[in-house]
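Asker: Pasting structure_31.tsv below, which is TSV, C-alpha atoms.
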```tsv
chain	number	residue	atom	x	y	z
A	1	MET	CA	35.70	63.46	27.13
A	2	LYS	CA	36.48	64.12	23.45
A	3	VAL	CA	38.20	67.39	24.41
A	4	LEU	CA	40.31	65.49	26.96
A	5	LYS	CA	41.45	62.94	24.38
A	6	THR	CA	42.29	65.72	21.94
A	7	LEU	CA	44.34	67.49	24.62
A	8	VAL	CA	46.33	64.32	25.35
A	9	VAL	CA	47.05	63.77	21.63
A	10	ILE	CA	48.19	67.38	21.20
A	11	ILE	CA	50.51	67.17	24.21
A	12	MET	CA	52.02	63.88	23.00
A	13	MET	CA	52.57	65.28	19.49
A	14	THR	CA	54.17	68.43	20.88
A	15	VAL	CA	56.63	66.36	22.88
A	16	ALA	CA	57.34	63.86	20.08
A	17	MET	CA	57.76	66.17	17.06
A	18	PRO	CA	61.19	67.56	18.01
A	19	VAL	CA	62.43	64.01	18.54
A	20	PHE	CA	61.45	62.80	15.08
A	21	ALA	CA	62.90	65.96	13.51
A	22	GLN	CA	66.30	64.82	14.84
A	23	PHE	CA	66.36	61.51	12.90
A	24	THR	CA	67.74	63.03	9.68
A	25	THR	CA	69.84	66.03	8.84
A	26	GLY	CA	69.39	66.93	5.18
A	27	GLY	CA	69.26	63.33	3.96
A	28	LYS	CA	72.44	62.39	5.82
A	29	SER	CA	72.79	60.05	8.75
A	30	ASN	CA	71.64	61.48	12.04
A	31	GLY	CA	75.18	61.25	13.37
A	32	ILE	CA	74.42	58.86	16.21
A	33	SER	CA	77.16	56.38	16.80
A	34	SER	CA	76.00	53.05	18.15
A	35	SER	CA	79.01	53.09	20.46
A	36	GLU	CA	77.64	56.09	22.40
A	37	ASN	CA	74.26	57.01	23.81
A	38	TYR	CA	75.19	60.60	24.53
A	39	LEU	CA	74.56	61.14	28.22
A	40	HIS	CA	77.02	64.05	28.31
A	41	THR	CA	77.75	65.98	31.48
A	42	GLY	CA	76.31	69.45	31.82
A	43	TYR	CA	72.90	71.07	31.69
A	44	LYS	CA	69.98	68.78	30.84
A	45	GLY	CA	66.31	69.57	30.42
A	46	MET	CA	63.46	67.06	30.24
A	47	VAL	CA	59.81	67.35	29.24
A	48	ASP	CA	57.40	64.45	29.86
A	49	ALA	CA	53.72	63.87	29.18
A	50	GLY	CA	51.65	60.91	30.23
A	51	TYR	CA	48.52	59.42	31.65
A	52	GLY	CA	47.95	57.94	35.11
A	53	ILE	CA	45.31	55.29	35.83
A	54	GLY	CA	44.03	55.61	39.39
A	55	VAL	CA	44.61	52.72	41.81
A	56	GLY	CA	43.55	52.09	45.40
A	57	ASP	CA	40.57	53.37	47.37
A	58	PHE	CA	41.15	56.96	46.28
A	59	GLY	CA	42.77	56.36	42.90
A	60	VAL	CA	42.00	59.13	40.43
A	61	ASP	CA	42.94	59.13	36.72
A	62	ARG	CA	45.11	62.04	35.64
A	63	ILE	CA	46.87	63.70	32.72
A	64	ILE	CA	50.51	64.37	33.60
A	65	VAL	CA	52.85	66.98	32.08
A	66	THR	CA	56.19	67.75	33.77
A	67	THR	CA	59.46	69.50	33.02
A	68	SER	CA	62.76	69.13	34.88
A	69	HIS	CA	65.99	71.04	34.51
A	70	GLY	CA	69.29	70.27	36.16
A	71	TYR	CA	72.76	68.81	35.74
A	72	GLN	CA	73.90	65.51	34.26
A	73	PHE	CA	76.89	64.77	36.54
A	74	CYS	CA	78.06	61.72	34.62
A	75	PRO	CA	76.43	59.20	32.26
A	76	TYR	CA	74.87	57.54	35.32
A	77	PHE	CA	73.36	60.36	37.42
A	78	PHE	CA	71.13	63.42	36.88
A	79	ALA	CA	69.81	65.81	39.56
A	80	GLY	CA	67.50	68.74	39.00
A	81	VAL	CA	64.30	70.53	39.94
A	82	GLY	CA	61.02	70.72	38.12
A	83	THR	CA	57.35	71.50	37.99
A	84	GLY	CA	54.34	70.26	36.13
A	85	ILE	CA	50.59	70.13	35.78
A	86	ASN	CA	48.39	67.21	36.76
A	87	TYR	CA	44.76	67.33	35.67
A	88	TYR	CA	42.49	64.97	37.62
A	89	HIS	CA	39.68	64.84	35.07
A	90	ASP	CA	37.38	62.56	37.13
A	91	SER	CA	37.14	65.25	39.81
A	92	ASP	CA	37.91	68.28	37.59
A	93	ALA	CA	40.84	69.25	39.83
A	94	TRP	CA	44.37	70.52	39.10
A	95	GLY	CA	47.67	69.95	40.82
A	96	VAL	CA	50.92	71.83	40.23
A	97	PRO	CA	53.77	69.75	41.66
A	98	ILE	CA	57.12	71.40	42.45
A	99	PHE	CA	59.79	68.76	42.98
A	100	ALA	CA	63.39	67.60	43.14
A	101	ASN	CA	64.21	65.12	40.36
A	102	LEU	CA	66.84	62.38	40.59
A	103	ARG	CA	67.57	59.97	37.75
A	104	GLY	CA	69.97	57.06	37.55
A	105	SER	CA	70.83	55.66	34.11
A	106	LEU	CA	72.74	52.59	33.01
A	107	PRO	CA	73.98	53.19	29.44
A	108	ILE	CA	74.31	49.98	27.44
A	109	SER	CA	77.56	49.80	25.48
A	110	ASN	CA	77.36	49.90	21.68
A	111	THR	CA	73.65	50.87	21.65
A	112	LYS	CA	71.50	53.99	21.74
A	113	PHE	CA	69.59	52.65	24.78
A	114	ALA	CA	69.99	53.57	28.44
A	115	PRO	CA	67.57	52.09	31.02
A	116	PHE	CA	66.73	54.54	33.84
A	117	LEU	CA	65.16	54.83	37.27
A	118	ASP	CA	63.57	58.24	37.88
A	119	MET	CA	62.26	59.76	41.14
A	120	LYS	CA	60.47	63.04	41.77
A	121	ILE	CA	59.67	64.18	45.29
A	122	GLY	CA	58.08	67.44	46.35
A	123	TYR	CA	54.88	69.31	47.10
A	124	SER	CA	51.85	70.07	44.95
A	125	VAL	CA	49.78	73.27	45.05
A	126	ALA	CA	46.41	74.32	43.53
A	127	ASP	CA	43.32	72.08	43.96
A	128	ALA	CA	45.40	69.00	44.80
A	129	GLU	CA	47.64	70.32	47.56
A	130	GLY	CA	50.03	68.14	49.55
A	131	PHE	CA	53.03	65.81	49.40
A	132	PHE	CA	53.91	64.61	45.86
A	133	PHE	CA	55.95	61.54	44.87
A	134	SER	CA	56.54	59.94	41.47
A	135	THR	CA	58.83	57.12	40.43
A	136	SER	CA	59.30	55.41	37.09
A	137	ILE	CA	61.49	52.97	35.22
A	138	GLY	CA	62.04	53.10	31.51
A	139	THR	CA	64.51	53.55	28.75
A	140	ARG	CA	66.14	56.49	27.02
A	141	ILE	CA	66.73	56.19	23.28
A	142	ALA	CA	69.37	58.56	21.90
A	143	THR	CA	68.02	60.46	18.88
A	144	SER	CA	70.91	62.86	18.30
A	145	ASN	CA	74.11	64.13	19.83
A	146	ARG	CA	72.36	65.65	22.89
A	147	CYS	CA	68.69	64.61	22.65
A	148	GLY	CA	66.84	61.49	23.63
A	149	LEU	CA	63.37	59.98	23.70
A	150	ASN	CA	62.28	58.71	27.13
A	151	ILE	CA	59.59	56.06	27.61
A	152	GLY	CA	58.64	54.95	31.11
A	153	LEU	CA	56.16	53.22	33.39
A	154	GLY	CA	55.72	54.24	36.99
A	155	TYR	CA	53.67	55.10	40.02
A	156	GLU	CA	52.56	58.57	41.12
A	157	MET	CA	51.23	59.47	44.56
A	158	GLN	CA	49.52	62.66	45.74
A	159	LYS	CA	48.65	63.19	49.42
A	160	LEU	CA	45.61	65.39	50.00
A	161	ASP	CA	44.06	66.95	53.08
A	162	ALA	CA	40.36	66.04	53.04
A	163	TYR	CA	38.37	67.39	55.95
A	164	ILE	CA	40.08	65.89	59.03
A	165	THR	CA	42.00	63.09	57.32
A	166	LYS	CA	44.74	62.71	54.74
A	167	ILE	CA	43.94	60.87	51.51
A	168	THR	CA	46.48	59.20	49.23
A	169	CYS	CA	45.60	59.33	45.52
A	170	GLY	CA	47.73	56.85	43.61
A	171	ALA	CA	48.06	56.04	39.91
A	172	PHE	CA	50.06	53.80	37.62
A	173	ALA	CA	51.44	56.01	34.85
A	174	ILE	CA	52.83	55.69	31.35
A	175	LYS	CA	55.01	58.59	30.19
A	176	ILE	CA	56.81	59.66	27.04
A	177	GLY	CA	59.21	62.54	26.88
A	178	LEU	CA	62.20	64.30	25.42
A	179	ASP	CA	65.50	65.28	26.99
A	180	PHE	CA	67.83	67.88	25.61
```
Once more with this new file: its structure as structure tokens, please.
Answerer:
Amino acid sequence: MKVLKTLVVIIMMTVAMPVFAQFTTGGKSNGISSSENYLHTGYKGMVDAGYGIGVGDFGVDRIIVTTSHGYQFCPYFFAGVGTGINYYHDSDAWGVPIFANLRGSLPISNTKFAPFLDMKIGYSVADAEGFFFSTSIGTRIATSNRCGLNIGLGYEMQKLDAYITKITCGAFAIKIGLDF
């Protein structure tokens, strides 16, 4: 269990370090205007890490790491594709979801904050094979001209084939990530 906690801390630090490096540029202001939260159109990549607490009859705790890449069409809508790794440590199983990612944002004027609703839908391979769905709500905090810190709460569902029946493994998740 100590190794698992260490792994989670390392993943979180890896995701967070580039964000904090953006707060200053040689002692000057970071260049973020409070009148913009920088959801520019064009390519956007996202990396998230988190932890899911199992719920329901077949709820299984999991470590979640995902990355999505796609296009920010306007300040309000992102669409892309992604993949990730889910480690179900209670059952020592792995899942590799491959998904479509849709995100709606509502930038708040004169702040660095933009609440979002995120949805990932796809299929997972490896030990945990089957339909994959994840949704979360949260906020994006602009950290520089093109980067932001994302913090969200959500629900993740993994359908599994078990013998002659399908099992749904659900979890409430907390995630932190970086977009660029």
Asker: Hey, what's within 6 Å of Leu106 of chain A if we count all atoms listed in the file and toss same-chain stuff fewer than 3 positions away? As a PDB file with C-alpha atoms, in the coordinates of the input, please?
Answerer:
```pdb
ATOM      1  CA  TYR A  76      74.870  57.540  35.320  1.00  0.00           C
ATOM      2  CA  ALA A 114      69.990  53.570  28.440  1.00  0.00           C
ATOM      3  CA  PRO A 115      67.570  52.090  31.020  1.00  0.00           C
TER       4      PRO A 115
END
```
Asker: Between A:Phe133, A:Tyr88, A:Phe180, A:Phe99, which is the closest to Gly59 of chain A once you count only C-alpha atoms?
Answerer: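 Of the candidates, the smallest distance to Gly59 of chain A is held by A:Tyr88.
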Asker: By how many Å are atom CA of Leu178 of chain A and atom CA of Gly45 of chain A apart?
Answerer: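 Result for atom CA of Leu178 of chain A versus atom CA of Gly45 of chain A: 8.3 Å, one decimal.
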Asker: Give me the residues near Thr139 of chain A as a ChimeraX atom specification, where near means some atom within 9 Å (using only C-alpha atoms) and where sequence neighbours in that chain fewer than 2 positions away do not count.
Answerer: /A:105,113-117,137,141,149-152
Asker: Interatomic distance between atom CA of Met46 of chain A and atom CA of Ala126 of chain A?
Answerer: 22.8 Å
Asker: With distances taken over only C-alpha atoms, which residue among A:Gly104, A:Phe131, A:Cys147, A:Ala79 lies nearest Asp179 of chain A?
Answerer: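 Answer, going by the shortest atom-to-atom distance: A:Cys147.
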Asker: Where's the centre, and what are the edge lengths in Å to one decimal, of a box along x, y and z enclosing all listed atoms of segment 47-64 of chain A padded 3 Å per side, as AutoDock Vina command-line options?
Answerer:
```
--center_x 50.2 --center_y 59.7 --center_z 38.3 --size_x 25.2 --size_y 21.3 --size_z 24.2
```
Asker: Atom CA of Glu129 of chain A and atom CA of Tyr87 of chain A are how many Å apart?
Answerer: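 That distance, rounded to one decimal, is 12.6 Å.
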Asker: With distances taken over all atoms listed in the file, which of A:Leu39, A:Leu160, A:Leu153, A:Ile121 is nearest to Lys175 of chain A?
Answerer: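 When distances to Lys175 of chain A are compared using all atoms listed in the file, the smallest one comes from A:Leu153.
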Asker: So, counting only C-alpha atoms, which residue among A:Lys112, A:Lys120, A:Arg140, A:Lys44 is closest to Ile176 of chain A?
Answerer: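 Residue with the minimum atom-to-atom distance to Ile176 of chain A: A:Arg140.
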Asker: Taking into account all atoms listed in the file, which residue in the set A:Phe172, A:Ala100, A:Thr111, A:Arg62 is nearest to Thr143 of chain A?
Answerer: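 Ranked by minimum distance to Thr143 of chain A, first place goes to A:Thr111.
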Asker: Pick from A:Gly177, A:Asp118, A:Tyr155, A:Gly54: nearest to Thr67 of chain A, with all atoms listed in the file counted?
Answerer: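 Of A:Gly177, A:Asp118, A:Tyr155, A:Gly54, the one nearest Thr67 of chain A, counting all atoms listed in the file, is A:Gly177.
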Asker: Can you list, as an NGL selection string, every protein, DNA or RNA residue that comes within 8 Å of Ala173 of chain A when you count all atoms listed in the file, leaving out same-chain residues fewer than 5 positions away?
Answerer: :A and (50-53 or 153-156)
Asker: The residues within 8 Å of (49.1, 64.6, 48.1), using only C-alpha atoms and the coordinates of the file, should be reported as an MDAnalysis selection string; which are they?
Answerer: chainID A and resid 123:124 128:132 157:161 167:169
